[in-house]
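Working notes, beginning with the structure itself.
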Amino acid sequence: MDRETRLKRLRFRAWHRGTKEADLMVGGYFDACGADWSEAEIDWFEAFLEEQDVDIMAWAMGVVAVPARWQGPMIERLKVLDYVKIER
């Protein structure tokens with residue numbers, strides 16, 4: 001699958017997590033960073049999307065320690081949370 005198609009699929013998956021909070025966090029993260037990702041980072045994110053929303057949110061908010069598998073610059077960027085845009 002070509003890069004553009006893969007990114008479109010990942011964007012859809014990132015924005016359709018099942019809860020509004022997870023959509024904002026994971027979808028916002030993808031929108032803020034995804035266009036610049038390397039193939040390895042895309043692979044990471046694709047696998048990461050298989051995790052449960054409650055786990056991703058707990059890791060991002062620092063409530064639960066990030067498992068070794070996910071530790072690194074991608075999760076550290078996710079934890080910043082400055083990409084979450086809430087419209088009022």
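So you can find residues: chains in the structure tokens are A, B, ... in the order shown, residues in each start at 1, and ligands are numbered from 1 in order.
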Show me, as a ChimeraX atom specification, the residues that have an atom within 12 Å of stretch 63-65 of chain A when counting only C-alpha atoms, minus same-chain residues fewer than 5 positions from it.
/A:54-58,70-71,75-76,79
Just N, CA and C atoms for this one: save the residues we selected as an mmCIF file, in the first residue's frame.
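The new file selection06.cif reads:
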data_model
loop_
_atom_site.group_PDB
_atom_site.id
_atom_site.type_symbol
_atom_site.label_atom_id
_atom_site.label_comp_id
_atom_site.auth_asym_id
_atom_site.auth_seq_id
_atom_site.Cartn_x
_atom_site.Cartn_y
_atom_site.Cartn_z
ATOM 1 N N VAL A 54 -8.307 3.253 26.791
ATOM 2 C CA VAL A 54 -8.048 3.576 28.197
ATOM 3 C C VAL A 54 -6.564 3.465 28.521
ATOM 4 N N ASP A 55 -5.881 2.513 27.909
ATOM 5 C CA ASP A 55 -4.444 2.367 28.135
ATOM 6 C C ASP A 55 -3.677 3.518 27.503
ATOM 7 N N ILE A 56 -3.999 3.841 26.263
ATOM 8 C CA ILE A 56 -3.328 4.943 25.570
ATOM 9 C C ILE A 56 -3.503 6.244 26.350
ATOM 10 N N MET A 57 -4.715 6.507 26.796
ATOM 11 C CA MET A 57 -4.980 7.741 27.526
ATOM 12 C C MET A 57 -4.246 7.760 28.865
ATOM 13 N N ALA A 58 -4.205 6.631 29.550
ATOM 14 C CA ALA A 58 -3.500 6.562 30.834
ATOM 15 C C ALA A 58 -2.002 6.780 30.644
ATOM 16 N N TRP A 70 6.384 0.512 24.002
ATOM 17 C CA TRP A 70 5.938 1.789 23.434
ATOM 18 C C TRP A 70 6.821 2.968 23.829
ATOM 19 N N GLN A 71 7.765 2.763 24.705
ATOM 20 C CA GLN A 71 8.608 3.873 25.149
ATOM 21 C C GLN A 71 9.473 4.417 24.008
ATOM 22 N N ILE A 75 5.890 8.210 21.911
ATOM 23 C CA ILE A 75 5.006 8.329 23.070
ATOM 24 C C ILE A 75 5.297 9.608 23.844
ATOM 25 N N GLU A 76 6.549 10.023 23.870
ATOM 26 C CA GLU A 76 6.882 11.270 24.565
ATOM 27 C C GLU A 76 6.189 12.455 23.895
ATOM 28 N N LYS A 79 2.530 12.441 24.821
ATOM 29 C CA LYS A 79 2.310 12.864 26.198
ATOM 30 C C LYS A 79 2.285 14.381 26.371
#
Residues of stretch 2-76 of chain A in alpha helix (DSSP H) according to DSSP, as a ChimeraX atom specification?
/A:3-15,20-22,28-33,39-48,53-61,73-76
When distances are computed from only C-alpha atoms, which of A:Asp82, A:Ala60, A:Gly18, A:Met74 shows the smallest separation from A:Glu46?
A:Met74
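Closest approach to A:Lys8 from the set A:Glu39, A:Glu50, A:Asp31, A:Asp23 is made by A:Asp31, with distances taken over only C-alpha atoms.
Of the listed residues (A:Leu81, A:Ala32, A:Ile86, A:Leu7), A:Leu7 comes nearest to A:Phe45; the distances count only C-alpha atoms.
The two atoms in question, atom CA of A:Trp15 and atom CA of A:Ala68, are spaced 25.1 Å apart.
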In Å, with one decimal, what is the gap from atom CA of A:Tyr29 to atom CA of A:Gly72?
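Calculated distance between atom CA of A:Tyr29 and atom CA of A:Gly72 is 15.2 Å.
Distance check against A:Val84 using only C-alpha atoms: of A:Val26, A:Arg6, A:Met1, A:Phe12, the minimum falls on A:Val26.
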